[in-house]
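Have a look at final-v8.csv; it's CSV, C-alpha atoms:
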chain,number,residue,atom,x,y,z
A,1,MET,CA,18.0,5.7,13.5
A,2,VAL,CA,16.0,8.7,14.5
A,3,ASP,CA,12.7,7.8,16.2
A,4,LEU,CA,10.5,10.7,17.3
A,5,SER,CA,7.2,8.8,17.3
A,6,SER,CA,4.4,9.6,19.8
A,7,ASN,CA,5.9,12.7,21.2
A,8,ARG,CA,3.1,15.2,20.6
A,9,LEU,CA,5.3,17.1,18.2
A,10,HIS,CA,3.6,20.0,16.4
A,11,GLY,CA,4.3,22.1,13.3
A,12,ALA,CA,6.1,21.3,10.0
A,13,VAL,CA,9.1,19.1,9.5
A,14,SER,CA,11.9,21.6,8.8
A,15,SER,CA,14.3,21.1,5.9
A,16,SER,CA,17.1,22.3,8.2
A,17,PHE,CA,16.5,19.3,10.4
A,18,PHE,CA,17.8,17.0,7.7
A,19,GLN,CA,20.6,19.3,6.8
A,20,GLU,CA,21.8,19.5,10.4
A,21,ALA,CA,21.1,16.0,11.4
A,22,TRP,CA,22.9,14.7,8.4
A,23,ASN,CA,26.0,16.6,9.4
A,24,LEU,CA,25.9,15.0,12.8
A,25,THR,CA,25.4,11.4,11.9
A,26,SER,CA,24.2,9.3,9.0
A,27,PHE,CA,20.9,7.7,9.9
A,28,ASN,CA,19.0,5.3,7.8
A,29,VAL,CA,15.7,5.2,9.6
A,30,PHE,CA,13.4,8.2,10.2
A,31,ARG,CA,10.3,7.7,12.3
A,32,ALA,CA,8.0,10.4,13.6
A,33,GLY,CA,4.6,8.9,13.5
A,34,TYR,CA,1.7,9.5,15.9
A,35,ASN,CA,2.3,13.2,16.3
A,36,TYR,CA,0.7,16.4,15.1
A,37,LEU,CA,3.1,17.3,12.3
A,38,SER,CA,1.8,19.3,9.4
A,39,GLY,CA,3.0,20.7,6.1
A,40,SER,CA,4.6,18.9,3.2
A,41,LEU,CA,7.5,16.5,3.3
A,42,PRO,CA,10.7,18.7,3.2
A,43,GLU,CA,12.6,18.5,0.0
A,44,ASP,CA,15.9,17.8,1.8
A,45,ILE,CA,14.6,14.4,2.9
A,46,PHE,CA,15.0,13.3,-0.7
A,47,ASN,CA,18.8,14.0,-0.6
A,48,SER,CA,19.2,11.4,2.2
A,49,THR,CA,19.9,8.6,-0.2
A,50,ILE,CA,21.0,6.2,2.6
A,51,LEU,CA,17.4,6.2,4.1
A,52,GLU,CA,15.9,2.8,4.3
A,53,GLU,CA,12.7,3.8,6.2
A,54,ILE,CA,10.4,6.8,6.3
A,55,SER,CA,7.6,6.3,8.8
A,56,LEU,CA,5.3,9.3,9.5
A,57,PRO,CA,1.9,7.7,10.0
A,58,ARG,CA,-1.0,9.5,11.7
A,59,ASN,CA,0.0,13.1,11.3
A,60,SER,CA,-1.5,15.9,9.3
A,61,LEU,CA,1.0,16.0,6.4
A,62,TYR,CA,-0.4,17.4,3.2
A,63,GLY,CA,0.6,18.0,-0.4
A,64,ALA,CA,1.9,15.6,-3.1
A,65,VAL,CA,4.5,12.9,-2.8
A,66,SER,CA,7.4,14.4,-4.7
A,67,ASP,CA,8.9,12.8,-7.8
A,68,ARG,CA,12.2,13.1,-6.1
A,69,ILE,CA,11.3,10.2,-3.9
A,70,SER,CA,12.8,8.1,-6.7
A,71,ASN,CA,16.2,9.2,-5.4
A,72,LEU,CA,15.8,7.1,-2.3
A,73,THR,CA,16.9,3.8,-3.9
A,74,ASN,CA,17.7,2.2,-0.5
A,75,LEU,CA,14.2,2.7,0.8
A,76,THR,CA,12.5,-0.5,2.1
A,77,THR,CA,9.6,1.1,4.1
A,78,LEU,CA,7.4,4.1,3.2
A,79,ASP,CA,4.7,4.7,5.7
A,80,LEU,CA,2.7,7.9,5.2
A,81,SER,CA,-0.7,6.4,6.1
A,82,TYR,CA,-3.4,8.4,7.8
A,83,ASN,CA,-2.3,11.8,6.6
A,84,GLN,CA,-3.8,14.3,4.2
A,85,LEU,CA,-1.6,13.7,1.2
A,86,SER,CA,-3.1,14.5,-2.2
A,87,GLY,CA,-2.1,14.5,-5.9
A,88,VAL,CA,-0.9,11.6,-8.1
A,89,LEU,CA,1.7,9.1,-7.1
A,90,PRO,CA,5.1,9.5,-8.8
A,91,LEU,CA,5.4,7.3,-11.9
A,92,LEU,CA,8.9,6.3,-10.9
A,93,LEU,CA,7.9,5.0,-7.5
A,94,GLY,CA,8.6,1.5,-8.9
A,95,LYS,CA,12.3,2.5,-9.4
A,96,LEU,CA,12.7,1.8,-5.6
A,97,PHE,CA,13.3,-1.9,-6.1
A,98,LYS,CA,14.1,-2.5,-2.5
A,99,LEU,CA,10.6,-1.5,-1.3
A,100,LYS,CA,9.0,-4.0,1.0
A,101,HIS,CA,6.3,-2.0,2.8
A,102,VAL,CA,4.3,0.8,1.0
A,103,LEU,CA,1.6,2.2,3.4
A,104,LEU,CA,-0.2,5.2,1.9
A,105,ASP,CA,-3.7,4.3,3.0
A,106,PHE,CA,-6.2,6.9,4.3
A,107,ASN,CA,-5.0,9.9,2.4
A,108,TYR,CA,-6.5,11.8,-0.6
A,109,LEU,CA,-4.3,10.5,-3.3
A,110,GLU,CA,-5.7,10.3,-6.8
A,111,GLY,CA,-4.9,9.0,-10.3
A,112,SER,CA,-3.9,5.5,-11.0
A,113,LEU,CA,-1.5,3.1,-9.3
A,114,PRO,CA,1.9,3.4,-11.1
A,115,LEU,CA,2.5,0.3,-13.2
A,116,SER,CA,6.1,0.5,-12.2
A,117,LEU,CA,5.2,-0.7,-8.7
A,118,MET,CA,4.7,-4.1,-10.2
A,119,ASN,CA,8.5,-4.3,-10.6
A,120,CYS,CA,9.1,-4.0,-6.9
A,121,THR,CA,9.7,-7.7,-6.5
A,122,ASN,CA,10.5,-7.5,-2.8
A,123,LEU,CA,7.1,-6.0,-2.0
A,124,VAL,CA,5.5,-7.6,1.1
A,125,GLU,CA,2.8,-5.1,2.0
A,126,LEU,CA,0.9,-2.7,-0.4
A,127,ARG,CA,-1.7,-0.6,1.4
A,128,MET,CA,-3.4,2.0,-0.8
A,129,GLY,CA,-6.9,1.8,0.7
A,130,ALA,CA,-9.2,4.8,1.4
A,131,ASN,CA,-7.9,7.2,-1.2
A,132,ASN,CA,-9.3,8.5,-4.5
A,133,LEU,CA,-7.2,6.2,-6.7
A,134,GLY,CA,-8.7,4.6,-9.8
A,135,GLY,CA,-8.1,3.0,-13.1
A,136,ASP,CA,-8.4,-0.5,-14.6
A,137,ILE,CA,-7.2,-2.9,-12.0
A,138,SER,CA,-6.8,-5.6,-14.7
A,139,MET,CA,-3.8,-3.6,-16.0
A,140,LEU,CA,-1.8,-4.5,-12.9
A,141,ASN,CA,0.4,-7.5,-13.3
A,142,PHE,CA,1.1,-9.0,-9.9
A,143,SER,CA,3.1,-12.0,-11.2
A,144,LYS,CA,6.5,-10.5,-10.2
A,145,LEU,CA,5.3,-9.8,-6.6
A,146,SER,CA,6.1,-13.3,-5.3
A,147,GLN,CA,6.6,-12.1,-1.7
A,148,LEU,CA,3.4,-10.1,-1.4
A,149,SER,CA,1.5,-10.8,1.8
A,150,LYS,CA,-1.0,-8.0,2.2
A,151,LEU,CA,-2.9,-6.1,-0.5
A,152,ASP,CA,-5.3,-3.3,0.5
A,153,LEU,CA,-7.0,-1.3,-2.3
A,154,ARG,CA,-10.4,-0.9,-0.6
A,155,LEU,CA,-12.4,2.3,-0.7
A,156,ASN,CA,-11.1,3.6,-4.0
A,157,ASN,CA,-12.5,3.9,-7.6
A,158,PHE,CA,-10.8,1.0,-9.3
A,159,PHE,CA,-12.8,-0.8,-12.0
A,160,GLY,CA,-12.3,-3.8,-14.2
A,161,ILE,CA,-11.8,-7.4,-13.4
A,162,LEU,CA,-9.5,-8.6,-10.6
A,163,PRO,CA,-6.4,-9.9,-12.5
A,164,ARG,CA,-5.6,-13.6,-12.3
A,165,SER,CA,-2.0,-12.7,-11.9
A,166,LEU,CA,-2.9,-11.9,-8.3
A,167,TYR,CA,-3.2,-15.6,-7.6
A,168,SER,CA,0.4,-16.1,-8.4
A,169,CYS,CA,1.2,-14.3,-5.1
A,170,LYS,CA,1.4,-17.5,-3.0
A,171,PHE,CA,2.2,-15.8,0.3
A,172,LEU,CA,-0.9,-13.6,0.3
A,173,LYS,CA,-2.6,-13.5,3.7
A,174,ALA,CA,-5.0,-10.6,3.2
A,175,ILE,CA,-6.8,-9.1,0.2
A,176,ARG,CA,-9.0,-6.0,0.6
A,177,VAL,CA,-10.6,-4.7,-2.5
A,178,ALA,CA,-14.1,-3.9,-1.2
A,179,TYR,CA,-15.9,-0.6,-2.0
A,180,ASN,CA,-14.6,-0.1,-5.6
A,181,ASN,CA,-16.3,-0.5,-9.0
A,182,LEU,CA,-14.8,-3.9,-9.8
A,183,GLU,CA,-16.4,-6.9,-11.5
A,184,VAL,CA,-15.4,-9.5,-9.0
A,185,LYS,CA,-15.3,-13.2,-9.7
A,186,ILE,CA,-13.8,-15.7,-7.4
A,187,GLU,CA,-11.7,-18.0,-9.6
A,188,PRO,CA,-10.7,-21.6,-8.8
A,189,GLU,CA,-7.1,-20.4,-8.6
A,190,ILE,CA,-7.8,-18.8,-5.2
A,191,LEU,CA,-7.5,-22.3,-3.8
A,192,SER,CA,-3.8,-22.1,-4.4
A,193,LEU,CA,-3.5,-19.3,-1.9
A,194,LYS,CA,-2.9,-21.5,1.1
A,195,SER,CA,-1.9,-18.7,3.5
A,196,LEU,CA,-5.0,-16.5,2.7
A,197,SER,CA,-6.9,-15.8,5.9
A,198,PHE,CA,-8.8,-12.6,5.1
A,199,LEU,CA,-10.7,-11.8,1.9
A,200,SER,CA,-12.8,-8.7,1.5
A,201,LEU,CA,-14.4,-8.2,-1.9
A,202,GLY,CA,-17.9,-6.8,-1.3
A,203,MET,CA,-19.5,-3.5,-2.3
A,204,ASN,CA,-18.4,-3.6,-5.9
A,205,LYS,CA,-20.2,-3.1,-9.2
A,206,ARG,CA,-20.7,-6.8,-9.8
A,207,PHE,CA,-20.0,-9.9,-7.8
A,208,ASP,CA,-19.9,-13.5,-9.0
A,209,LYS,CA,-19.1,-16.4,-6.8
A,210,TYR,CA,-17.5,-18.8,-9.2
A,211,LEU,CA,-17.0,-21.6,-6.7
A,212,ARG,CA,-20.1,-23.6,-5.9
A,213,GLY,CA,-21.3,-23.9,-2.4
A,214,ASN,CA,-20.0,-20.6,-1.0
A,215,GLU,CA,-23.1,-18.5,-1.4
A,216,ASP,CA,-24.0,-18.7,2.3
A,217,THR,CA,-20.7,-19.7,3.9
A,218,ASP,CA,-18.7,-17.7,6.3
A,219,GLY,CA,-15.5,-19.5,5.5
A,220,LEU,CA,-13.9,-20.9,2.4
A,221,GLN,CA,-11.8,-23.9,2.9
A,222,THR,CA,-8.5,-24.0,1.1
A,223,PRO,CA,-6.5,-27.3,1.0
A,224,CYS,CA,-4.3,-26.3,4.0
A,225,CYS,CA,-5.9,-23.3,5.7
A,226,PRO,CA,-9.4,-21.9,6.3
A,227,ILE,CA,-10.1,-18.3,5.3
A,228,ILE,CA,-11.0,-17.0,8.7
A,229,SER,CA,-12.9,-14.0,7.4
A,230,ILE,CA,-14.5,-13.7,4.0
A,231,GLN,CA,-16.8,-10.7,3.2
A,232,PHE,CA,-19.2,-10.9,0.3
A,233,PHE,CA,-21.5,-8.1,1.5
A,234,ARG,CA,-23.2,-5.8,-1.0
Take the structure in the file and give it back as C-alpha cells.
Amino acid sequence: MVDLSSNRLHGAVSSSFFQEAWNLTSFNVFRAGYNYLSGSLPEDIFNSTILEEISLPRNSLYGAVSDRISNLTNLTTLDLSYNQLSGVLPLLLGKLFKLKHVLLDFNYLEGSLPLSLMNCTNLVELRMGANNLGGDISMLNFSKLSQLSKLDLRLNNFFGILPRSLYSCKFLKAIRVAYNNLEVKIEPEILSLKSLSFLSLGMNKRFDKYLRGNEDTDGLQTPCCPIISIQFFR
C-alpha cells in the first residue's frame, strides 16, 4: 500500500513514480487524496495490473479517464471524485468485473454511462453525481447489481423513466437521482427495498407519486424500515 493522502502535495503525478515504485515493491493500493495534485493520470499507472484501489479524491486532476483503465482487471475501488476530469467514460469500464466502489462524482464527465457497467456484479457503490452525463436512464439494466447499496446520479442530464430493474437491488440504502430530466414515478416495487433510508428524486421533468398517501409525508414506511429522508421537492 502507498498512502499519500492529506499531505499538501502539489504538482502532477509523475509517470516515473510508478516506474520506480514498482521496481521497489509491488503495491496494490494507491491513495493520494485530499492534496493539490494536478495534471492527468499518468499512463504508467495503467501498467500496474496488480492495483486493487486507486483513490485520488479532492485534487485538481484533469483530462479524460484513459481507455487503458480496462487493463486494471483487479481494481475494486476507483475514487476520482471532486476533481476536474472531463471527456467520456471508457466503454470498457465494465470489463473491470471486480469493481465494488466507483466514485467519479463532482467532475466534468460527459456522454452516457457505459452499459458495460451493468455487468459489474460486485458493485456496491456507484457515484456519478454532479457531472454532465446524460442519456436514457431506462436503458440501464440494474438487475445484475444485486449488491448495490448506493446510487448517485444527481445533477446530470439523464432523461427517461427510472427503470424498474432498480428495484431488484434489494440492498439499496440510498438513491439520488434529483436534478435531471427524468419522468419519475414511485412504483409499488419500492416497498421491497427494505434497507432504503434515503431517496432523492426531486427537480426532474415530471414527478408522479404512484403510492397513495405520500403527497405530504416526510417519510415512507416500508415493511421493515422507514425511509428516514425522502425528497420530493420541485
Point (9.5, 19.5, 11.4) neighbourhood (10 Å, all atoms listed in the file) written as a PyMOL selection string: chain A and resi 9-18+32+37-42
Which residues, written as an mmCIF file with C-alpha atoms, in the coordinates of the input, have at least one atom at most 7 Å from range 70-80 of chain A, with only C-alpha atoms counted and residues fewer than 2 positions away on the same chain left out?
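The result, stored in part_4.cif:
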data_model
loop_
_atom_site.group_PDB
_atom_site.id
_atom_site.type_symbol
_atom_site.label_atom_id
_atom_site.label_comp_id
_atom_site.auth_asym_id
_atom_site.auth_seq_id
_atom_site.Cartn_x
_atom_site.Cartn_y
_atom_site.Cartn_z
ATOM 1 C CA PHE A 46 15.000 13.300 -0.700
ATOM 2 C CA THR A 49 19.900 8.600 -0.200
ATOM 3 C CA ILE A 50 21.000 6.200 2.600
ATOM 4 C CA LEU A 51 17.400 6.200 4.100
ATOM 5 C CA GLU A 52 15.900 2.800 4.300
ATOM 6 C CA GLU A 53 12.700 3.800 6.200
ATOM 7 C CA ILE A 54 10.400 6.800 6.300
ATOM 8 C CA SER A 55 7.600 6.300 8.800
ATOM 9 C CA LEU A 56 5.300 9.300 9.500
ATOM 10 C CA PRO A 57 1.900 7.700 10.000
ATOM 11 C CA ASP A 67 8.900 12.800 -7.800
ATOM 12 C CA ARG A 68 12.200 13.100 -6.100
ATOM 13 C CA TYR A 82 -3.400 8.400 7.800
ATOM 14 C CA ASN A 83 -2.300 11.800 6.600
ATOM 15 C CA LEU A 92 8.900 6.300 -10.900
ATOM 16 C CA LEU A 93 7.900 5.000 -7.500
ATOM 17 C CA LYS A 95 12.300 2.500 -9.400
ATOM 18 C CA LEU A 96 12.700 1.800 -5.600
ATOM 19 C CA LYS A 98 14.100 -2.500 -2.500
ATOM 20 C CA LEU A 99 10.600 -1.500 -1.300
ATOM 21 C CA LYS A 100 9.000 -4.000 1.000
ATOM 22 C CA HIS A 101 6.300 -2.000 2.800
ATOM 23 C CA VAL A 102 4.300 0.800 1.000
ATOM 24 C CA LEU A 103 1.600 2.200 3.400
ATOM 25 C CA LEU A 104 -0.200 5.200 1.900
#
Report the closest atom pair, with its distance in Å rounded to one decimal, for each residue of range 51-95 of chain A that has an atom no farther than 10 Å from range 130-139 of chain A; count all atoms listed in the file, sort by chain and then rising residue number, and write it as a Markdown table.
| residue | atom | partner | partner_atom | distance |
| --- | --- | --- | --- | --- |
| A:Ser81 | CA | A:Ala130 | CA | 9.8 |
| A:Tyr82 | CA | A:Ala130 | CA | 9.4 |
| A:Gln84 | CA | A:Asn131 | CA | 9.8 |
| A:Leu85 | CA | A:Asn131 | CA | 9.4 |
| A:Ser86 | CA | A:Asn131 | CA | 8.8 |
| A:Gly87 | CA | A:Asn132 | CA | 9.5 |
| A:Val88 | CA | A:Leu133 | CA | 8.4 |
| A:Leu89 | CA | A:Leu133 | CA | 9.4 |
Written selection (C-alpha atoms) as a short mmCIF file (atom, residue, chain, number, x, y, z; two decimals), in the coordinates of the input:
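Final output, saved to result_24.cif:
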data_model
loop_
_atom_site.label_atom_id
_atom_site.label_comp_id
_atom_site.auth_asym_id
_atom_site.auth_seq_id
_atom_site.Cartn_x
_atom_site.Cartn_y
_atom_site.Cartn_z
CA SER A 81 -0.70 6.40 6.10
CA TYR A 82 -3.40 8.40 7.80
CA GLN A 84 -3.80 14.30 4.20
CA LEU A 85 -1.60 13.70 1.20
CA SER A 86 -3.10 14.50 -2.20
CA GLY A 87 -2.10 14.50 -5.90
CA VAL A 88 -0.90 11.60 -8.10
CA LEU A 89 1.70 9.10 -7.10
#
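Between CA of Phe159 in chain A and CA of Ser143 in chain A the interatomic distance comes to 19.5 Å.
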Pick from A:Lys205, A:Lys170, A:Lys150, A:Arg176 nearest to Ser192 in chain A, counting all atoms listed in the file: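 Result for the nearest residue to Ser192 in chain A: A:Lys170.
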Distance in Å - CA of Asn180 in chain A versus CA of Leu151 in chain A: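 Computed distance, CA of Asn180 in chain A to CA of Leu151 in chain A, equals 14.1 Å.
Distances here use all atoms listed in the file; by that measure, the residue among A:Ser195, A:Asn47, A:Phe158, A:Thr121 closest to Lys144 in chain A is A:Thr121.
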Exercise: Gly94 in chain A partners within 9 Å, all atoms listed in the file, chain neighbours under 3 positions left out, as a PDB file with C-alpha atoms, in the coordinates of the input:
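And here is the file that came out, selection-v4.pdb:
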ATOM      1  CA  SER A  70      12.800   8.100  -6.700  1.00  0.00           C
ATOM      2  CA  PRO A  90       5.100   9.500  -8.800  1.00  0.00           C
ATOM      3  CA  LEU A  91       5.400   7.300 -11.900  1.00  0.00           C
ATOM      4  CA  PHE A  97      13.300  -1.900  -6.100  1.00  0.00           C
ATOM      5  CA  LEU A  99      10.600  -1.500  -1.300  1.00  0.00           C
ATOM      6  CA  PRO A 114       1.900   3.400 -11.100  1.00  0.00           C
ATOM      7  CA  LEU A 115       2.500   0.300 -13.200  1.00  0.00           C
ATOM      8  CA  SER A 116       6.100   0.500 -12.200  1.00  0.00           C
ATOM      9  CA  LEU A 117       5.200  -0.700  -8.700  1.00  0.00           C
ATOM     10  CA  MET A 118       4.700  -4.100 -10.200  1.00  0.00           C
ATOM     11  CA  ASN A 119       8.500  -4.300 -10.600  1.00  0.00           C
ATOM     12  CA  CYS A 120       9.100  -4.000  -6.900  1.00  0.00           C
TER      13      CYS A 120
END
Straight-line distance linking CA of Glu187 in chain A with CA of Met203 in chain A, stated in Å to one decimal: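 So the answer is 18.0 Å.
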Please enclose the listed atoms of range 74-80 of chain A in an axis-aligned box, pad each side by 4 Å, and write out the centre and the three edge lengths in Å, rounded to one decimal, as AutoDock Vina command-line options.
--center_x 10.2 --center_y 3.7 --center_z 2.6 --size_x 23.0 --size_y 16.4 --size_z 14.2
Of the listed residues A:Phe106, A:Phe27, A:Tyr36, A:Tyr179, that which approaches Ser5 in chain A most closely, counting only C-alpha atoms: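 For Ser5 in chain A, the nearest of the candidates is A:Tyr36.
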Nearest residue to Arg127 in chain A from the set A:Val65, A:Ala174, A:Phe142, A:Gly111 (distances using all atoms listed in the file): A:Ala174
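For the set A:Leu193, A:Leu148, A:Leu109, A:Ile161, the residue with the smallest atom-to-atom gap to Ala64 in chain A is A:Leu109, counting all atoms listed in the file.
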Nearest to Asp105 in chain A by atom-to-atom distance, counting all atoms listed in the file, from A:Asn156, A:Asn35, A:Ser149, A:Ser6: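 Under the stated criterion, the closest residue is A:Asn156.
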